[in-house]
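> Got a structure here, written out as structure tokens. Questions coming.
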Amino acid sequence: MNHDAVRRRLSAHLEGGLSVRAAARLEAHLDACPACREERDALDHTVHLLRSLASEEPPEDLAAKIFARLEAGEGRPVAWARWSAWWNGAWTAPLATGMAGLALLLLVQTVEIEVGWPGATPAPRALAAAAVPDGTASSKAPTLVARGPAPVAAPERRAADFEAGASLRTQCLRQPGAAACAAWHSWLLGLAVDEPRAFVMEVDAVPDAARTRWLVDLSRFAAHSGSAPRVAERLRATRDPRAQRLAPHFEQVSVR
Amino acid sequence: MAFVTQPLLEQPQPLSADFERPTPTVDPDLELVDRWRDGDAAAFEQLVKRHERRIFGLLMRMLGNRQEAEDAAQDTFLNLHRHGHRFRREARFSTFVYRVAVNAALNRRRSLGRRRSHMDALGLEQSVGEAIPQGPVSPEAATAGNEIRLRVQREILALPKNLRAPVILYDLEGLAYSEIAEVLQVAEGTVKSRIHRGRRVLRERLADLVKRGEGMS
Ligand SMILES: [Zn+2]
């Protein structure tokens, strides 16, 4: 081992990061080489200097300032902003023309989600609000423009959202095509993109007898909203075999 | 408009309930994180109080100026609140917080630009002065020790960006290689080589101090 090789390895050697053999060869060189020994001591001293720097205390009001900014509405979860833009841009506009009822339903959902996780306002009622059937809403799948941006992310889900999702599931499975289905399906597709494994669990919650038929509805809804390719891609990207088995539903569906 | 669903390759399989979840590591913050995610704002406040000291210390190292460090610390916790849903429990929560903080520091330095470097140096001088621990040390020794601290802190700040964070996280904050790899999103081998390179640069730049065998007290 020459001087250069020794010096390149000194720092790792100080950390015990060399193999036993490499360490032994390095030590043998150090025994015979005063210059490299001096270098080792200098590096050791440098590390000592670094480690003996005292830590700085934060200002006493740091936490209070952070909480004040949160109170003022800063730091709101970013997924909400994307979700909101998605609804308002890609969905609400086409809906407003022919499906005012459903659009209203979806807007209620958006507004409620704003105060959801994990803000200061307790008890998010996001999907529970959407779960109230709206008499004016169409009972068919929404006729949306298929070319909108895919839902890249949905809001953070909390236990309350999953409870509300379960309520929508009950309504939708009882009456396929109900307004609740649109809200539930769009929530599920957002979940599939954000947290594919959680999505798999939601699919699992659908009774076996209904699942096959319902998956056709869901995949149509995904094709219609333009989110099917993204959902398929996210499911493929997991290593979970159950997610893998769901992916073909979203790959083989098309809007014609 | 009509939909056509082509025949599926296979029927959907029943999805069993014994769904595997990533095994959580022992992480003292998880209980608070869960409460926060359930909408408990007080839990987030506790997380801030638990981590503010270390995060501010780290940001002081990375930015060298109390005001900048305070601003970056505020950014860190607001960003944490904003992006907390990205925390997937594959690493410790504290590692995730460090990651957000390092990003806040890098963003801040980028936006500061070089025109502020002079002010940085002034702020650093002041802040290191404030940090002198009170103790039974002679005024001369205290001043000498302080000058050395100031030099070391300056040379850390002058390190190339890609070497600075690894050295700070390892030698000053005491993180493990694997945690630093997680914070910086680079391979563990890269972390090690950057720490070793960073130390060698510092050893060269602090050669006068090291050769004189100066200590800090
Ligand atoms: Zn040598």
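Simple scheme: letters A, B, ... for chains in structure tokens order, numbers from 1 for residues in each chain, numbers from 1 for ligands in the order shown.
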Around ligand 1, out to 8 Å and counting only C-alpha atoms and all ligand atoms, which residues are there? I want them as an MDAnalysis selection string.

chainID A and resid 2:4 6:7 29:30 32:37

> Got a sec: who's within 9 Å of Ser55 (chain A), counting only C-alpha atoms, leaving out chain neighbours fewer than 3 positions off, as a ChimeraX atom specification?

/B:53-54,57-58,60-61,131,172

> How would the residues just chosen look if you wrote them out with all heavy atoms as an mmCIF file, in the first residue's frame?


```cif
data_model
loop_
_atom_site.group_PDB
_atom_site.id
_atom_site.type_symbol
_atom_site.label_atom_id
_atom_site.label_comp_id
_atom_site.auth_asym_id
_atom_site.auth_seq_id
_atom_site.Cartn_x
_atom_site.Cartn_y
_atom_site.Cartn_z
ATOM 1 N N ARG B 53 -35.216 21.321 18.459
ATOM 2 C CA ARG B 53 -33.863 21.607 18.902
ATOM 3 C C ARG B 53 -32.836 21.000 17.929
ATOM 4 O O ARG B 53 -31.910 21.675 17.487
ATOM 5 C CB ARG B 53 -33.670 21.037 20.311
ATOM 6 C CG ARG B 53 -32.483 21.596 21.022
ATOM 7 C CD ARG B 53 -32.468 21.181 22.490
ATOM 8 N NE ARG B 53 -31.194 21.553 23.062
ATOM 9 C CZ ARG B 53 -30.100 20.829 22.924
ATOM 10 N NH1 ARG B 53 -30.144 19.690 22.237
ATOM 11 N NH2 ARG B 53 -28.964 21.234 23.444
ATOM 12 N N ARG B 54 -33.026 19.738 17.617
ATOM 13 C CA ARG B 54 -32.075 19.088 16.710
ATOM 14 C C ARG B 54 -32.132 19.686 15.312
ATOM 15 O O ARG B 54 -31.117 19.844 14.643
ATOM 16 C CB ARG B 54 -32.349 17.579 16.647
ATOM 17 C CG ARG B 54 -31.646 16.840 17.765
ATOM 18 C CD ARG B 54 -31.725 15.368 17.537
ATOM 19 N NE ARG B 54 -33.100 14.982 17.178
ATOM 20 C CZ ARG B 54 -33.414 13.831 16.621
ATOM 21 N NH1 ARG B 54 -32.487 12.955 16.351
ATOM 22 N NH2 ARG B 54 -34.666 13.553 16.349
ATOM 23 N N GLY B 57 -30.419 23.022 15.304
ATOM 24 C CA GLY B 57 -28.969 22.808 15.371
ATOM 25 C C GLY B 57 -28.404 22.414 14.015
ATOM 26 O O GLY B 57 -27.384 22.955 13.558
ATOM 27 N N LEU B 58 -29.067 21.486 13.367
ATOM 28 C CA LEU B 58 -28.626 21.049 12.037
ATOM 29 C C LEU B 58 -28.628 22.220 11.055
ATOM 30 O O LEU B 58 -27.679 22.415 10.290
ATOM 31 C CB LEU B 58 -29.566 19.953 11.529
ATOM 32 C CG LEU B 58 -29.436 19.602 10.048
ATOM 33 C CD1 LEU B 58 -28.139 18.841 9.804
ATOM 34 C CD2 LEU B 58 -30.622 18.767 9.582
ATOM 35 N N MET B 60 -28.432 25.387 11.681
ATOM 36 C CA MET B 60 -27.339 26.316 12.002
ATOM 37 C C MET B 60 -26.041 25.851 11.342
ATOM 38 O O MET B 60 -25.284 26.645 10.804
ATOM 39 C CB MET B 60 -27.131 26.375 13.516
ATOM 40 C CG MET B 60 -27.703 27.544 14.249
ATOM 41 S SD MET B 60 -27.544 29.134 13.450
ATOM 42 C CE MET B 60 -25.823 29.533 13.726
ATOM 43 N N ARG B 61 -25.789 24.565 11.418
ATOM 44 C CA ARG B 61 -24.577 24.025 10.795
ATOM 45 C C ARG B 61 -24.599 24.246 9.292
ATOM 46 O O ARG B 61 -23.589 24.534 8.676
ATOM 47 C CB ARG B 61 -24.467 22.512 11.013
ATOM 48 C CG ARG B 61 -24.503 22.063 12.422
ATOM 49 C CD ARG B 61 -23.232 22.435 13.125
ATOM 50 N NE ARG B 61 -23.300 22.037 14.520
ATOM 51 C CZ ARG B 61 -22.918 22.807 15.522
ATOM 52 N NH1 ARG B 61 -22.452 24.011 15.301
ATOM 53 N NH2 ARG B 61 -22.999 22.369 16.747
ATOM 54 N N ALA B 131 -22.936 31.346 21.223
ATOM 55 C CA ALA B 131 -22.983 29.940 21.609
ATOM 56 C C ALA B 131 -21.904 29.561 22.622
ATOM 57 O O ALA B 131 -21.822 28.413 22.999
ATOM 58 C CB ALA B 131 -22.838 29.055 20.376
ATOM 59 N N LEU B 172 -21.361 15.652 13.113
ATOM 60 C CA LEU B 172 -21.940 16.595 14.073
ATOM 61 C C LEU B 172 -23.284 16.122 14.611
ATOM 62 O O LEU B 172 -23.601 16.349 15.772
ATOM 63 C CB LEU B 172 -22.081 17.985 13.440
ATOM 64 C CG LEU B 172 -20.760 18.759 13.342
ATOM 65 C CD1 LEU B 172 -19.948 18.330 12.151
ATOM 66 C CD2 LEU B 172 -21.015 20.247 13.296
#
```

> Taking only C-alpha atoms into account, which of B:Arg92, B:Arg99, B:Arg154, B:Arg203 comes nearest chain A?

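Selected residue with least distance to chain A: B:Arg203.
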
> For Ala243 (chain A), work out the shell of residues within 9 Å, counting only C-alpha atoms and skipping chain neighbours fewer than 5 positions away, then give it as a JSON list (two decimals) with C-alpha atoms, in the first residue's frame.


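Below is the file result-v8.json, written as the result:
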```
[["chain", "number", "residue", "atom", "x", "y", "z"],
["A", 196, "PRO", "CA", -52.21, 1.21, -4.35],
["A", 197, "ARG", "CA", -51.97, -1.23, -1.49],
["A", 199, "PHE", "CA", -56.75, 0.40, -2.78],
["A", 200, "VAL", "CA", -56.32, -3.36, -2.92],
["A", 234, "ARG", "CA", -49.34, 2.25, -10.11],
["A", 235, "LEU", "CA", -50.77, -1.21, -9.50],
["A", 236, "ARG", "CA", -48.05, -2.78, -11.66],
["A", 237, "ALA", "CA", -45.39, -0.85, -9.79],
["A", 238, "THR", "CA", -46.23, -2.53, -6.49]]
```
